[in-house]
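Undergrad: Below you'll find upload35.csv; it's CSV, C-alpha atoms.
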chain,number,residue,atom,x,y,z
C,1,MET,CA,-50.2,-13.7,7.6
C,2,ALA,CA,-51.8,-10.4,8.8
C,3,TRP,CA,-55.3,-9.6,7.7
C,4,GLN,CA,-55.8,-7.1,4.9
C,5,PHE,CA,-57.6,-3.9,5.6
C,6,ASN,CA,-58.7,-1.1,3.3
C,7,SER,CA,-58.1,2.5,4.2
C,8,ASN,CA,-61.5,4.1,4.2
C,9,ARG,CA,-63.3,2.2,7.0
C,10,PRO,CA,-62.5,1.8,10.7
C,11,ILE,CA,-60.4,-1.3,11.2
C,12,TYR,CA,-62.7,-2.7,13.9
C,13,GLN,CA,-65.6,-2.8,11.4
C,14,GLN,CA,-63.4,-4.6,8.9
C,15,ILE,CA,-62.5,-7.2,11.7
C,16,VAL,CA,-66.2,-7.6,12.5
C,17,ASP,CA,-66.8,-8.4,8.8
C,18,GLU,CA,-64.0,-10.8,8.6
C,19,ILE,CA,-64.9,-12.8,11.7
C,20,GLU,CA,-68.6,-12.7,10.7
C,21,MET,CA,-67.6,-14.2,7.4
C,22,ARG,CA,-65.6,-16.9,9.1
C,23,ILE,CA,-68.6,-17.8,11.2
C,24,LEU,CA,-71.0,-17.7,8.3
C,25,ASN,CA,-68.9,-19.9,6.1
C,26,GLY,CA,-68.1,-22.3,8.9
C,27,THR,CA,-64.4,-21.6,9.3
C,28,TYR,CA,-65.2,-20.8,12.8
C,29,GLU,CA,-67.7,-23.5,13.7
C,30,MET,CA,-70.7,-23.0,16.0
C,31,GLY,CA,-69.8,-23.4,19.6
C,32,MET,CA,-66.1,-23.2,18.8
C,33,ARG,CA,-63.9,-21.4,21.3
C,34,LEU,CA,-62.3,-18.3,19.9
C,35,PRO,CA,-58.6,-17.5,20.5
C,36,SER,CA,-57.9,-14.9,23.1
C,37,VAL,CA,-58.2,-11.2,22.3
C,38,ARG,CA,-54.4,-10.9,22.4
C,39,ASP,CA,-53.8,-13.9,20.1
C,40,LEU,CA,-56.5,-12.7,17.7
C,41,ALA,CA,-54.9,-9.2,17.7
C,42,VAL,CA,-51.5,-10.7,16.9
C,43,MET,CA,-53.0,-12.9,14.2
C,44,ALA,CA,-54.6,-9.9,12.6
C,45,ALA,CA,-51.7,-7.6,13.4
C,46,VAL,CA,-54.0,-5.0,15.1
C,47,ASN,CA,-54.2,-3.3,18.4
C,48,PRO,CA,-55.8,-5.5,21.1
C,49,ASN,CA,-58.2,-2.7,22.0
C,50,THR,CA,-59.4,-2.7,18.4
C,51,MET,CA,-59.9,-6.4,18.5
C,52,GLN,CA,-61.8,-6.1,21.8
C,53,ARG,CA,-64.1,-3.5,20.2
C,54,ALA,CA,-64.8,-5.8,17.3
C,55,LEU,CA,-65.6,-8.7,19.6
C,56,ALA,CA,-67.9,-6.6,21.6
C,57,GLU,CA,-69.7,-5.7,18.4
C,58,LEU,CA,-70.0,-9.4,17.4
C,59,GLU,CA,-71.4,-10.1,20.8
C,60,GLU,CA,-74.0,-7.4,20.3
C,61,MET,CA,-74.9,-9.0,17.0
C,62,GLY,CA,-75.4,-12.3,18.8
C,63,LEU,CA,-72.6,-14.2,16.9
C,64,VAL,CA,-70.2,-14.5,19.8
C,65,THR,CA,-71.0,-15.2,23.4
C,66,THR,CA,-68.8,-14.9,26.5
C,67,GLN,CA,-68.8,-17.6,29.2
C,68,ARG,CA,-67.3,-17.0,32.5
C,69,ASN,CA,-64.9,-19.9,32.4
C,70,THR,CA,-64.3,-20.8,28.8
C,71,GLY,CA,-63.8,-17.4,27.3
C,72,ARG,CA,-65.4,-16.4,24.0
C,73,THR,CA,-67.1,-18.9,21.8
C,74,VAL,CA,-69.0,-18.8,18.6
C,75,THR,CA,-72.7,-18.8,19.2
C,76,THR,CA,-74.7,-22.0,19.1
C,77,ASP,CA,-77.9,-20.1,18.3
C,78,GLU,CA,-78.9,-21.0,14.7
C,79,THR,CA,-81.3,-18.0,14.5
C,80,SER,CA,-78.6,-15.5,15.1
C,81,VAL,CA,-76.4,-17.0,12.5
C,82,SER,CA,-79.1,-17.3,9.9
C,83,ARG,CA,-80.2,-13.7,10.6
C,84,ALA,CA,-76.7,-12.5,10.1
C,85,ARG,CA,-76.4,-14.6,6.9
C,86,ASP,CA,-79.7,-13.1,5.6
C,87,SER,CA,-78.6,-9.5,6.2
C,88,LYS,CA,-75.2,-10.2,4.7
C,89,ALA,CA,-76.8,-11.7,1.6
C,90,ASP,CA,-79.2,-8.8,1.3
C,91,LEU,CA,-76.3,-6.4,1.5
C,92,LEU,CA,-74.3,-8.2,-1.2
C,93,VAL,CA,-77.3,-8.4,-3.5
C,94,GLU,CA,-78.0,-4.7,-3.0
C,95,THR,CA,-74.4,-3.9,-3.9
C,96,PHE,CA,-74.5,-6.1,-6.9
C,97,MET,CA,-77.7,-4.6,-8.2
C,98,MET,CA,-76.3,-1.1,-7.8
C,99,GLN,CA,-73.3,-2.1,-9.8
C,100,MET,CA,-75.4,-3.6,-12.5
C,101,LYS,CA,-77.6,-0.5,-12.6
C,102,ALA,CA,-74.4,1.6,-13.0
C,103,LEU,CA,-73.5,-0.7,-15.9
C,104,GLY,CA,-76.9,0.2,-17.5
C,105,LEU,CA,-78.7,-3.1,-17.1
C,106,SER,CA,-82.3,-3.3,-16.1
C,107,ARG,CA,-83.5,-5.5,-13.4
C,108,LYS,CA,-85.0,-7.9,-15.9
C,109,GLU,CA,-81.8,-8.1,-17.9
C,110,VAL,CA,-79.9,-8.9,-14.7
C,111,LEU,CA,-82.4,-11.7,-13.7
C,112,ASP,CA,-82.2,-13.2,-17.2
C,113,ARG,CA,-78.5,-13.2,-17.0
C,114,LEU,CA,-78.5,-14.8,-13.7
C,115,ALA,CA,-80.9,-17.5,-14.9
C,116,LYS,CA,-78.7,-18.1,-18.0
C,117,GLY,CA,-75.5,-18.2,-16.0
C,118,GLU,CA,-76.6,-20.9,-13.7
C,119,PRO,CA,-75.1,-24.3,-14.6
C,120,LYS,CA,-77.7,-26.8,-16.0
C,121,GLU,CA,-78.1,-30.1,-14.3
C,122,GLY,CA,-75.4,-32.5,-15.1
C,123,GLU,CA,-73.1,-29.7,-16.2
C,124,HIS,CA,-70.4,-28.3,-14.0
C,125,ALA,CA,-70.3,-24.7,-15.2
C,126,VAL,CA,-71.3,-22.5,-18.1
C,127,ASN,CA,-68.2,-22.9,-20.1
C,128,SER,CA,-66.8,-26.3,-19.2
E,1,MET,CA,-60.3,7.9,32.5
E,2,GLN,CA,-57.0,8.1,34.4
E,3,SER,CA,-54.1,9.6,32.6
E,4,ILE,CA,-50.5,8.4,32.5
E,5,LEU,CA,-49.0,11.5,31.1
E,6,GLU,CA,-49.9,15.2,31.6
E,7,VAL,CA,-48.0,17.9,29.7
E,8,ARG,CA,-48.8,21.5,30.3
E,9,ALA,CA,-47.5,24.5,28.4
E,10,LEU,CA,-44.3,22.7,27.5
E,11,SER,CA,-41.7,24.5,25.5
E,12,LYS,CA,-38.1,23.7,24.6
E,13,ARG,CA,-35.7,26.1,23.0
E,14,TYR,CA,-32.3,25.2,21.6
E,15,GLY,CA,-30.6,28.6,21.0
E,16,SER,CA,-32.8,30.4,18.6
E,17,THR,CA,-34.8,27.3,17.6
E,18,LEU,CA,-38.1,26.6,19.3
E,19,ALA,CA,-38.3,22.8,19.2
E,20,LEU,CA,-41.5,22.5,21.2
E,21,ASN,CA,-43.9,25.4,21.4
E,22,ASN,CA,-46.4,25.5,24.3
E,23,VAL,CA,-47.5,21.8,24.1
E,24,ASP,CA,-50.5,20.6,26.1
E,25,LEU,CA,-51.2,16.9,26.1
E,26,THR,CA,-53.0,14.3,28.1
E,27,LEU,CA,-52.5,10.6,27.4
E,28,PRO,CA,-54.8,7.9,28.9
E,29,LYS,CA,-53.7,4.6,30.3
E,30,GLY,CA,-53.9,1.4,28.3
E,31,LYS,CA,-53.5,2.8,24.8
E,32,ILE,CA,-51.1,2.6,21.9
E,33,ILE,CA,-50.5,6.1,20.6
E,34,GLY,CA,-48.6,7.3,17.6
E,35,LEU,CA,-46.5,10.4,17.8
E,36,LEU,CA,-46.4,11.4,14.1
E,37,GLY,CA,-44.7,14.2,12.4
E,38,PRO,CA,-42.1,14.9,9.7
E,39,ASN,CA,-38.3,15.0,10.5
E,40,GLY,CA,-37.4,17.9,12.8
E,41,SER,CA,-41.0,18.4,14.2
E,42,GLY,CA,-39.9,17.8,17.8
E,43,LYS,CA,-40.8,14.1,18.3
E,44,THR,CA,-37.5,13.1,19.8
E,45,THR,CA,-37.3,16.2,22.0
E,46,LEU,CA,-40.8,15.5,23.4
E,47,LEU,CA,-39.9,11.9,24.2
E,48,LYS,CA,-36.6,12.8,25.8
E,49,ILE,CA,-38.2,15.4,28.1
E,50,VAL,CA,-40.8,12.9,29.2
E,51,ALA,CA,-38.0,10.3,29.8
E,52,GLY,CA,-36.2,12.9,31.9
E,53,LEU,CA,-33.2,13.2,29.6
E,54,LEU,CA,-33.7,16.8,28.7
E,55,THR,CA,-34.9,19.7,30.8
E,56,PRO,CA,-37.8,21.7,29.4
E,57,THR,CA,-37.4,25.5,28.9
E,58,ASN,CA,-40.9,26.0,30.3
E,59,GLY,CA,-43.9,23.9,31.3
E,60,ILE,CA,-44.9,21.0,33.5
E,61,VAL,CA,-44.7,17.2,32.8
E,62,LEU,CA,-46.4,14.7,35.1
E,63,VAL,CA,-46.0,11.0,34.6
E,64,ASP,CA,-48.6,9.1,36.7
E,65,ASN,CA,-49.2,12.3,38.6
E,66,GLN,CA,-45.5,12.7,39.6
E,67,PRO,CA,-43.2,15.3,38.2
E,68,VAL,CA,-40.4,13.9,36.0
E,69,GLY,CA,-37.6,12.7,38.1
E,70,GLU,CA,-36.1,9.5,39.6
E,71,GLY,CA,-39.6,8.2,40.5
E,72,THR,CA,-40.9,8.5,37.0
E,73,LYS,CA,-37.9,6.9,35.4
E,74,ALA,CA,-38.8,3.7,37.1
E,75,LEU,CA,-42.2,3.8,35.4
E,76,ILE,CA,-40.9,4.5,32.0
E,77,SER,CA,-39.2,2.2,29.5
E,78,TYR,CA,-37.5,4.3,26.8
E,79,LEU,CA,-36.2,3.1,23.5
E,80,PRO,CA,-33.9,5.8,22.1
E,81,GLU,CA,-33.6,6.2,18.3
E,82,ARG,CA,-30.1,4.7,18.2
E,83,THR,CA,-28.8,1.8,20.2
E,84,TYR,CA,-26.5,2.4,23.1
E,85,LEU,CA,-25.4,-1.2,24.0
E,86,PRO,CA,-21.6,-1.4,24.0
E,87,ASP,CA,-20.0,-3.4,21.2
E,88,TRP,CA,-18.2,-5.7,23.6
E,89,MET,CA,-21.2,-6.9,25.5
E,90,THR,CA,-22.7,-10.3,24.8
E,91,VAL,CA,-26.5,-10.8,24.6
E,92,ASP,CA,-26.3,-12.4,28.1
E,93,ASP,CA,-24.4,-9.4,29.4
E,94,CYS,CA,-27.1,-7.1,28.1
E,95,LEU,CA,-29.8,-9.1,29.8
E,96,ASP,CA,-27.9,-9.0,33.1
E,97,TYR,CA,-27.3,-5.3,32.7
E,98,PHE,CA,-31.0,-4.7,32.3
E,99,ALA,CA,-31.9,-7.0,35.2
E,100,ASP,CA,-29.5,-5.1,37.4
E,101,PHE,CA,-30.8,-1.7,36.4
E,102,TYR,CA,-34.6,-2.3,36.4
E,103,ALA,CA,-36.6,-4.1,39.1
E,104,ASP,CA,-39.4,-4.6,36.6
E,105,PHE,CA,-37.3,-6.5,34.1
E,106,ASP,CA,-38.8,-9.9,33.1
E,107,MET,CA,-35.8,-12.1,32.3
E,108,ALA,CA,-37.8,-15.1,31.3
E,109,ARG,CA,-39.8,-13.1,28.8
E,110,ALA,CA,-36.7,-11.5,27.3
E,111,ARG,CA,-35.1,-14.9,26.8
E,112,GLU,CA,-38.2,-16.3,25.2
E,113,MET,CA,-38.4,-13.4,22.7
E,114,LEU,CA,-34.7,-13.7,21.9
E,115,THR,CA,-35.0,-17.4,21.3
E,116,ARG,CA,-37.8,-16.7,18.8
E,117,LEU,CA,-35.5,-14.3,17.1
E,118,ASN,CA,-32.6,-16.9,17.0
E,119,VAL,CA,-30.2,-14.5,18.7
E,120,PRO,CA,-27.5,-16.7,20.3
E,121,ALA,CA,-26.9,-15.7,23.9
E,122,ASN,CA,-23.1,-15.7,23.6
E,123,LYS,CA,-22.8,-13.4,20.6
E,124,ARG,CA,-21.4,-9.9,21.1
E,125,MET,CA,-23.2,-6.8,20.0
E,126,LYS,CA,-20.6,-6.0,17.3
E,127,GLN,CA,-21.3,-9.5,15.8
E,128,LEU,CA,-24.9,-8.7,15.3
E,129,SER,CA,-26.4,-7.0,12.3
E,130,LYS,CA,-27.8,-3.5,12.7
E,131,GLY,CA,-31.3,-4.9,12.4
E,132,THR,CA,-30.7,-7.6,15.0
E,133,ARG,CA,-29.2,-5.1,17.4
E,134,GLU,CA,-32.3,-2.9,17.0
E,135,LYS,CA,-34.5,-6.0,17.7
E,136,MET,CA,-32.4,-6.9,20.7
E,137,GLN,CA,-32.8,-3.3,22.1
E,138,LEU,CA,-36.6,-3.5,21.6
E,139,VAL,CA,-36.8,-6.9,23.3
E,140,LEU,CA,-35.0,-5.4,26.3
E,141,VAL,CA,-37.2,-2.4,26.5
E,142,MET,CA,-40.5,-4.4,26.0
E,143,SER,CA,-39.4,-6.9,28.6
E,144,ARG,CA,-39.8,-4.3,31.4
E,145,ARG,CA,-43.2,-4.2,33.1
E,146,ALA,CA,-43.4,-0.4,32.7
E,147,LYS,CA,-46.4,1.9,32.8
E,148,LEU,CA,-45.3,4.0,30.0
E,149,TYR,CA,-43.2,2.9,27.0
E,150,LEU,CA,-41.6,5.6,24.9
E,151,LEU,CA,-40.4,4.1,21.6
E,152,ASP,CA,-38.5,6.5,19.3
E,153,GLU,CA,-38.6,5.2,15.7
E,154,PRO,CA,-38.6,1.5,16.6
E,155,ILE,CA,-39.1,0.5,13.0
E,156,GLY,CA,-37.0,3.1,11.3
E,157,GLY,CA,-34.0,1.0,10.2
E,158,VAL,CA,-35.4,-2.4,9.6
E,159,ASP,CA,-36.9,-4.4,6.7
E,160,PRO,CA,-40.6,-5.0,6.3
E,161,ALA,CA,-40.6,-8.5,7.7
E,162,THR,CA,-38.7,-7.3,10.8
E,163,ARG,CA,-41.2,-4.4,11.1
E,164,ASP,CA,-44.0,-6.9,11.3
E,165,TYR,CA,-42.1,-8.9,14.0
E,166,ILE,CA,-41.5,-5.7,16.0
E,167,LEU,CA,-45.1,-4.7,15.8
E,168,ASP,CA,-46.1,-8.3,16.8
E,169,THR,CA,-43.7,-7.9,19.8
E,170,ILE,CA,-45.3,-4.7,20.8
E,171,ILE,CA,-48.9,-6.0,20.5
E,172,GLY,CA,-48.1,-9.3,22.2
E,173,ASN,CA,-46.1,-7.9,25.1
E,174,TYR,CA,-47.9,-4.9,26.6
E,175,ASP,CA,-50.5,-5.2,29.3
E,176,ASN,CA,-53.8,-3.4,29.2
E,177,GLU,CA,-52.8,-0.9,31.9
E,178,ALA,CA,-49.7,0.3,30.1
E,179,THR,CA,-49.5,3.0,27.5
E,180,ILE,CA,-47.1,3.0,24.5
E,181,LEU,CA,-46.1,6.2,22.7
E,182,ILE,CA,-44.5,5.4,19.4
E,183,SER,CA,-42.8,8.0,17.3
E,184,THR,CA,-42.5,7.3,13.6
E,185,HIS,CA,-42.9,8.7,10.1
E,186,LEU,CA,-43.7,5.2,8.7
E,187,ILE,CA,-47.4,5.6,9.3
E,188,ALA,CA,-48.8,3.0,7.0
E,189,ASP,CA,-46.9,0.4,8.8
E,190,VAL,CA,-48.1,1.3,12.3
E,191,GLU,CA,-51.6,2.7,11.9
E,192,LYS,CA,-53.3,-0.7,12.4
E,193,VAL,CA,-51.9,-0.9,15.9
E,194,LEU,CA,-52.7,2.7,17.0
E,195,ASP,CA,-55.6,3.6,19.2
E,196,GLU,CA,-54.8,7.3,19.0
E,197,PHE,CA,-52.4,9.6,17.2
E,198,LEU,CA,-50.8,13.0,17.6
E,199,PHE,CA,-49.7,15.1,14.7
E,200,LEU,CA,-46.7,17.2,15.7
E,201,LYS,CA,-45.7,20.0,13.3
E,202,GLU,CA,-42.9,22.5,14.0
E,203,GLY,CA,-43.2,21.9,17.8
E,204,VAL,CA,-47.0,22.2,18.0
E,205,ILE,CA,-49.5,19.4,18.3
E,206,THR,CA,-51.9,20.1,15.5
E,207,MET,CA,-54.2,17.1,15.9
E,208,HIS,CA,-55.0,14.5,18.6
E,209,ASP,CA,-57.7,12.0,17.8
E,210,THR,CA,-58.5,8.3,17.6
E,211,THR,CA,-57.5,6.4,14.5
E,212,ASP,CA,-61.1,5.0,14.1
E,213,ASN,CA,-62.5,8.5,14.2
E,214,VAL,CA,-60.4,9.6,11.3
E,215,ARG,CA,-61.7,6.7,9.2
E,216,GLU,CA,-65.2,7.1,10.4
E,217,THR,CA,-65.5,10.8,9.8
E,218,GLN,CA,-63.1,11.4,6.9
E,219,GLY,CA,-63.2,8.0,5.2
E,220,LYS,CA,-59.4,7.9,4.9
E,221,SER,CA,-56.5,6.3,6.5
E,222,LEU,CA,-54.1,8.0,8.8
E,223,ASP,CA,-51.4,7.7,6.1
E,224,GLU,CA,-53.6,9.6,3.7
E,225,LEU,CA,-54.5,12.3,6.2
E,226,PHE,CA,-50.8,12.7,7.1
E,227,ARG,CA,-49.8,13.2,3.5
E,228,GLU,CA,-52.5,15.9,3.2
E,229,VAL,CA,-51.6,17.7,6.4
E,230,PHE,CA,-47.9,17.6,5.9
E,231,ARG,CA,-47.8,18.1,2.1
E,232,CYS,CA,-44.5,19.7,1.2
Render the structure in this file as C-alpha cells.

TA:
Amino acid sequence: MAWQFNSNRPIYQQIVDEIEMRILNGTYEMGMRLPSVRDLAVMAAVNPNTMQRALAELEEMGLVTTQRNTGRTVTTDETSVSRARDSKADLLVETFMMQMKALGLSRKEVLDRLAKGEPKEGEHAVNS
Amino acid sequence: MQSILEVRALSKRYGSTLALNNVDLTLPKGKIIGLLGPNGSGKTTLLKIVAGLLTPTNGIVLVDNQPVGEGTKALISYLPERTYLPDWMTVDDCLDYFADFYADFDMARAREMLTRLNVPANKRMKQLSKGTREKMQLVLVMSRRAKLYLLDEPIGGVDPATRDYILDTIIGNYDNEATILISTHLIADVEKVLDEFLFLKEGVITMHDTTDNVRETQGKSLDELFREVFRC
C-alpha cells in the first residue's frame, strides 16, 4: 500500500514526518535497521532520490544514523528521540490551540474541557 | 552536474505545422523527469527525435555528448506509445529478440519481472490482453541497462492497479546513473516519482523545474499547476 501524500507540501517533508512518526511510536524500534533506499522508495511509491533526501534530513535530525557496513539504522540515542517527540508534541498542541481559538474558545475553556474529557480512574472513557 | 541530454534550438516542422519551436533543454544524469503537456503539444515528436527516429528541421541534439546516431541508440531505451511486438511472437521469442538486439539487455531481470506479472513464457502476443502487452513491452524496455530511458505514455492505456505496478517497476529498476524521461498527461499518477518536470505547450517548453520546488514555492501539486497553466 503506497503512502498517502497531500498536495501542498513537498513529498520529502511528508516522508520525513511519516518516518519520524514511525520512530516516535515505536513502529521502527530504536537500533532497527531500515530497509534500503530503493525498498523504501518502492514501499512509499516515490522517487528514490526523494527518499534519499528525506533520509538525509532524518539523519540531520539525529533520528537515523548511517553505519558503513550495516546501512541505515534508527538511532539508539534516547535524547534525539525525546527531543523529536517534544517538538512534535509542541507542534501538535500549537495547531490544536489555534483551531480552538478559531472556534472561539478561550485558553481556560480549552483547559477545562481537556480536564473534563480525561477518563476518571477506573473508567475507560468518557461515554462508556 | 553532468548532463545526459543537451538540446539546442531544436525545431521540427511537419508541412505548415511547427511541432517543436526552438527548444533548448538540458537534462541531468540520474533523474526521473516528466515530459508533460496536453495532446498535440509535441511530446512524442521530441522523444522520437532524441531516439533518432525523426530528423529535426533545425537544431542540435547531444546524448551523453554525442550527436544522435548509431552510438546514441545503444545508450537509449525507448518505449513507443504503441506496442510493436508482432502478434505471432511468444513471450520467449520477444526476450530472445531483445537479447539479440541489445548488448545491455538483462535477461534474468526480465524473466523475474515477467514471473511476477504471471506472464507465461509460451504465450503469443495476440493471446495477451492489451494491458499485459503494454506491461510486457515496458519490462523489455526497463530490462536494458541504458543511460537514458524514453517512455512515451507508459501508463496511458492501463488500469490504476497496473499503473502502480508500472511505476513500481520504473522505481525499482533504474540505477542512479540513468535518467528516465516519461511523457504523460496523467500527472496525478506520476508526480510522486518525478524529480523534475517539463511543461511543453504548442512545441515550446514553458516551464522546467523540480517537483519539490513547485510545492515549496507555490504550495500546490504539479497536477494543480498543470490544470492552471493548461486551462482550456

Undergrad: Can you list, as number ranges by chain, every protein, DNA or RNA residue that comes within 7 Å of Lys12 in chain E when you count all atoms listed in the file, leaving out same-chain residues fewer than 4 positions away?

TA: E: 18-21, 56-58

Undergrad: With C-alpha atoms kept, could you save the residues just selected as a short mmCIF file (atom, residue, chain, number, x, y, z; two decimals), in the frame of the given file?

TA:
data_model
loop_
_atom_site.label_atom_id
_atom_site.label_comp_id
_atom_site.auth_asym_id
_atom_site.auth_seq_id
_atom_site.Cartn_x
_atom_site.Cartn_y
_atom_site.Cartn_z
CA LEU E 18 -38.10 26.60 19.30
CA ALA E 19 -38.30 22.80 19.20
CA LEU E 20 -41.50 22.50 21.20
CA ASN E 21 -43.90 25.40 21.40
CA PRO E 56 -37.80 21.70 29.40
CA THR E 57 -37.40 25.50 28.90
CA ASN E 58 -40.90 26.00 30.30
#

Undergrad: With 8 Å as the cut-off and all atoms listed in the file counted, what is the closest atom pair between each nearby residue of chain C and chain E? Distances in Å to one decimal, ordered by chain and number, as a Markdown table.

TA:
| residue | atom | partner | partner_atom | distance |
| --- | --- | --- | --- | --- |
| C:Ser7 | CA | E:Ser221 | CA | 4.7 |
| C:Asn8 | CA | E:Gly219 | CA | 4.4 |
| C:Arg9 | CA | E:Arg215 | CA | 5.3 |
| C:Pro10 | CA | E:Asp212 | CA | 4.9 |
| C:Ile11 | CA | E:Asp212 | CA | 7.0 |
| C:Tyr12 | CA | E:Asp212 | CA | 7.9 |
| C:Arg38 | CA | E:Gly172 | CA | 6.5 |
| C:Asp39 | CA | E:Gly172 | CA | 7.6 |
| C:Ala41 | CA | E:Ile171 | CA | 7.4 |
| C:Val42 | CA | E:Asp168 | CA | 5.9 |
| C:Ala45 | CA | E:Asp168 | CA | 6.6 |
| C:Val46 | CA | E:Val193 | CA | 4.7 |
| C:Asn47 | CA | E:Val193 | CA | 4.2 |
| C:Pro48 | CA | E:Ile171 | CA | 6.9 |
| C:Asn49 | CA | E:Asp195 | CA | 7.4 |
| C:Thr50 | CA | E:Asp195 | CA | 7.4 |

Undergrad: Using only C-alpha atoms, which protein or nucleic acid residues come within 9 Å of range 76-84 of chain C? Drop anything in the same chain fewer than 5 positions from it, and give the result as number ranges by chain.

TA: C: 20, 23-24, 29-32, 61-65, 89

Undergrad: Considering only C-alpha atoms, state which residue in the set E:Phe199, E:Tyr78, E:Tyr14, E:Phe226 is at the smallest distance from Val139 in chain E.

TA: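 Counting only C-alpha atoms, the residue closest to Val139 in chain E is E:Tyr78.
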
Undergrad: So how far away is CA of Arg82 in chain E from CA of Ser11 in chain E, in Å?

TA: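 Separating CA of Ser11 in chain E from CA of Arg82 in chain E is a distance of 24.1 Å.
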
Undergrad: Between E:Met89, E:Met142, E:Ile166, E:Ile49, which has the minimum distance to Lys73 in chain E (counting only C-alpha atoms)?

TA: E:Ile49

Undergrad: What does the structure give for the distance between CA of Lys135 in chain E and CA of Gly40 in chain E, in Å to one decimal?

TA: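 Value for the CA of Lys135 in chain E-CA of Gly40 in chain E distance: 24.6 Å.
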
Undergrad: What does the distance from CA of Pro80 in chain E to CA of Leu151 in chain E come to in Å, to one decimal?

TA: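 Taking CA of Pro80 in chain E and CA of Leu151 in chain E, their separation equals 6.7 Å.
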
Undergrad: So which residues touch range 103-119 of chain E within 10 Å, counting all atoms listed in the file, skipping near sequence neighbours fewer than 6 positions away, as a PDB file with C-alpha atoms, in the frame of the given file?

TA:
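Dumped everything to out.pdb:
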ATOM      1  CA  ALA E  74     -38.800   3.700  37.100  1.00  0.00           C
ATOM      2  CA  LEU E  75     -42.200   3.800  35.400  1.00  0.00           C
ATOM      3  CA  SER E  77     -39.200   2.200  29.500  1.00  0.00           C
ATOM      4  CA  VAL E  91     -26.500 -10.800  24.600  1.00  0.00           C
ATOM      5  CA  ASP E  92     -26.300 -12.400  28.100  1.00  0.00           C
ATOM      6  CA  LEU E  95     -29.800  -9.100  29.800  1.00  0.00           C
ATOM      7  CA  ASP E  96     -27.900  -9.000  33.100  1.00  0.00           C
ATOM      8  CA  LEU E 128     -24.900  -8.700  15.300  1.00  0.00           C
ATOM      9  CA  THR E 132     -30.700  -7.600  15.000  1.00  0.00           C
ATOM     10  CA  ARG E 133     -29.200  -5.100  17.400  1.00  0.00           C
ATOM     11  CA  LYS E 135     -34.500  -6.000  17.700  1.00  0.00           C
ATOM     12  CA  MET E 136     -32.400  -6.900  20.700  1.00  0.00           C
ATOM     13  CA  LEU E 138     -36.600  -3.500  21.600  1.00  0.00           C
ATOM     14  CA  VAL E 139     -36.800  -6.900  23.300  1.00  0.00           C
ATOM     15  CA  LEU E 140     -35.000  -5.400  26.300  1.00  0.00           C
ATOM     16  CA  VAL E 141     -37.200  -2.400  26.500  1.00  0.00           C
ATOM     17  CA  MET E 142     -40.500  -4.400  26.000  1.00  0.00           C
ATOM     18  CA  SER E 143     -39.400  -6.900  28.600  1.00  0.00           C
ATOM     19  CA  ARG E 144     -39.800  -4.300  31.400  1.00  0.00           C
ATOM     20  CA  ARG E 145     -43.200  -4.200  33.100  1.00  0.00           C
ATOM     21  CA  ALA E 146     -43.400  -0.400  32.700  1.00  0.00           C
ATOM     22  CA  THR E 162     -38.700  -7.300  10.800  1.00  0.00           C
ATOM     23  CA  TYR E 165     -42.100  -8.900  14.000  1.00  0.00           C
ATOM     24  CA  THR E 169     -43.700  -7.900  19.800  1.00  0.00           C
ATOM     25  CA  ASN E 173     -46.100  -7.900  25.100  1.00  0.00           C
TER      26      ASN E 173
END

Undergrad: My list of candidates is E:Gly59, E:Pro160, E:Pro120, E:Pro154. Which is closest to Asn22 in chain E when distances are computed with only C-alpha atoms?

TA: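 That would be E:Gly59, the residue with the smallest distance to Asn22 in chain E.
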
Undergrad: Show me, as a tab-separated table (two decimals) with C-alpha atoms, in the coordinates of the input, the residues that have an atom within 7 Å of His185 in chain E when counting all atoms listed in the file, minus same-chain residues fewer than 2 positions from it.

TA:
chain	number	residue	atom	x	y	z
E	36	LEU	CA	-46.40	11.40	14.10
E	37	GLY	CA	-44.70	14.20	12.40
E	38	PRO	CA	-42.10	14.90	9.70
E	187	ILE	CA	-47.40	5.60	9.30

Undergrad: Pick out the closest residue to Tyr149 in chain E from this set: E:Asp100, E:Trp88, E:Val63, E:Glu202. Count all atoms listed in the file.

TA: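 Checking each candidate against Tyr149 in chain E, we get E:Val63 as the closest.
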